[in-house]
Amino acid sequence: MTLVDAGASTALDFAIQGTLSSLSGPPAAAPTFSLVSAVSNQLRFTLTGTAGSNYVIEASTHLPAGAWTPVQTGAAPILFVQPATNDQRYYRGKVQP
């Protein structure tokens with residue numbers, strides 16, 4: 001956006017009114033996995049972080065960059081449950097923007 005004072009006037013041509021307020025609470029903490037288990041043919045774990053902050057759990061079958069797929073999103077804490085298979089999978093948690 002470009003503002004130009006076409007009339008060469010000293011009067012206000014553009015004004016912004018309002019207030020600024022800071023975000024409530026601290027930034028979201030890095031997520032951690034806990035209570036990891038494989039019971040009754042189910043993989044289970046809990047992603048913990050800042051309560052109420054949004055996170056994403058991603059999975060990959062191999063570790064090269066860019067090979068991650070989102071499998072679950074939500075506010076912390078997140079209980080993740082998936083059928084256990086013999087397939088090798090990696091999981092990571094990230095703060096969701």
# chains A, B, ... in the order shown; residues from 1 in each chain; ligands from 1
$ residues_around --residues "segment 26-43 of chain A" --least-positions-apart "6" --cutoff "10 Å" --atoms "only C-alpha atoms" --output "PyMOL selection string"
chain A and resi 49-57+76-85+91-97
$ write_last_selection --atoms "N, CA and C atoms" --output "compact mmCIF listing (two decimals), in the first residue's frame"
# COMPACT_ATOMS: atom_id res chain seq x y z
N GLY A 49 2.26 -29.94 26.43
CA GLY A 49 2.86 -28.65 26.13
C GLY A 49 2.12 -27.61 26.95
N THR A 50 2.05 -26.41 26.45
CA THR A 50 1.32 -25.35 27.13
C THR A 50 -0.17 -25.61 26.99
N ALA A 51 -0.86 -25.73 28.12
CA ALA A 51 -2.29 -26.03 28.10
C ALA A 51 -3.04 -25.02 27.24
N GLY A 52 -3.87 -25.52 26.33
CA GLY A 52 -4.67 -24.67 25.46
C GLY A 52 -3.97 -24.23 24.18
N SER A 53 -2.66 -24.38 24.10
CA SER A 53 -1.94 -24.02 22.87
C SER A 53 -2.13 -25.13 21.84
N ASN A 54 -2.11 -24.77 20.56
CA ASN A 54 -2.33 -25.74 19.49
C ASN A 54 -1.02 -26.39 19.04
N TYR A 55 -1.11 -27.72 18.85
CA TYR A 55 0.03 -28.52 18.43
C TYR A 55 -0.39 -29.43 17.28
N VAL A 56 0.60 -29.95 16.57
CA VAL A 56 0.35 -30.92 15.51
C VAL A 56 1.28 -32.11 15.74
N ILE A 57 0.73 -33.32 15.59
CA ILE A 57 1.53 -34.54 15.62
C ILE A 57 1.73 -34.97 14.18
N ALA A 76 -3.19 -28.76 23.52
CA ALA A 76 -2.51 -29.63 24.50
C ALA A 76 -3.35 -29.74 25.77
N PRO A 77 -3.35 -30.89 26.39
CA PRO A 77 -2.69 -32.13 26.02
C PRO A 77 -3.48 -32.91 24.96
N ILE A 78 -2.79 -33.67 24.12
CA ILE A 78 -3.42 -34.48 23.08
C ILE A 78 -3.14 -35.95 23.36
N LEU A 79 -4.18 -36.74 23.46
CA LEU A 79 -4.03 -38.20 23.58
C LEU A 79 -4.05 -38.76 22.17
N PHE A 80 -2.98 -39.44 21.78
CA PHE A 80 -2.87 -40.02 20.44
C PHE A 80 -3.02 -41.53 20.56
N VAL A 81 -3.93 -42.11 19.79
CA VAL A 81 -4.16 -43.55 19.79
C VAL A 81 -4.26 -43.99 18.34
N GLN A 82 -3.50 -45.04 17.98
CA GLN A 82 -3.51 -45.55 16.62
C GLN A 82 -3.26 -47.06 16.68
N PRO A 83 -3.89 -47.82 15.77
CA PRO A 83 -3.62 -49.25 15.75
C PRO A 83 -2.12 -49.50 15.54
N ALA A 84 -1.56 -50.39 16.34
CA ALA A 84 -0.14 -50.74 16.20
C ALA A 84 0.01 -51.68 15.00
N THR A 85 1.00 -51.40 14.20
CA THR A 85 1.31 -52.26 13.04
C THR A 85 2.78 -52.64 13.12
N TYR A 91 7.41 -40.35 14.88
CA TYR A 91 6.44 -39.31 15.24
C TYR A 91 7.17 -38.12 15.82
N ARG A 92 6.62 -36.94 15.58
CA ARG A 92 7.15 -35.72 16.20
C ARG A 92 5.98 -34.79 16.48
N GLY A 93 6.18 -33.92 17.43
CA GLY A 93 5.18 -32.92 17.76
C GLY A 93 5.75 -31.52 17.51
N LYS A 94 4.89 -30.62 17.07
CA LYS A 94 5.31 -29.25 16.78
C LYS A 94 4.24 -28.29 17.26
N VAL A 95 4.66 -27.09 17.63
CA VAL A 95 3.71 -26.03 17.92
C VAL A 95 3.07 -25.64 16.60
N GLN A 96 1.74 -25.54 16.59
CA GLN A 96 1.05 -25.19 15.35
C GLN A 96 0.92 -23.67 15.28
N PRO A 97 1.31 -23.09 14.16
CA PRO A 97 1.21 -21.63 14.03
C PRO A 97 -0.22 -21.14 14.03
$ select_by_dssp --residues "chain A" --states "strand (DSSP E)" --output "PyMOL selection string"
chain A and resi 32-39+42-48+54-60+69-75+78-83+90-95
$ atom_distance --atom1 "atom CA of Thr46 of chain A" --atom2 "atom CA of Gly66 of chain A"
23.8 Å
$ closest_residue --among "A:Thr48, A:Ser60, A:Thr19, A:Ser9" --to "Gly74 of chain A" --atoms "only C-alpha atoms"
A:Thr48
$ atom_distance --atom1 "atom CA of Asp87 of chain A" --atom2 "atom CA of Ala75 of chain A"
27.6 Å
$ closest_residue --among "A:Arg44, A:Ala11, A:Gln72, A:Thr61" --to "Asn86 of chain A" --atoms "only C-alpha atoms"
A:Thr61
$ atom_distance --atom1 "atom CA of Ala65 of chain A" --atom2 "atom CA of Phe45 of chain A"
23.4 Å
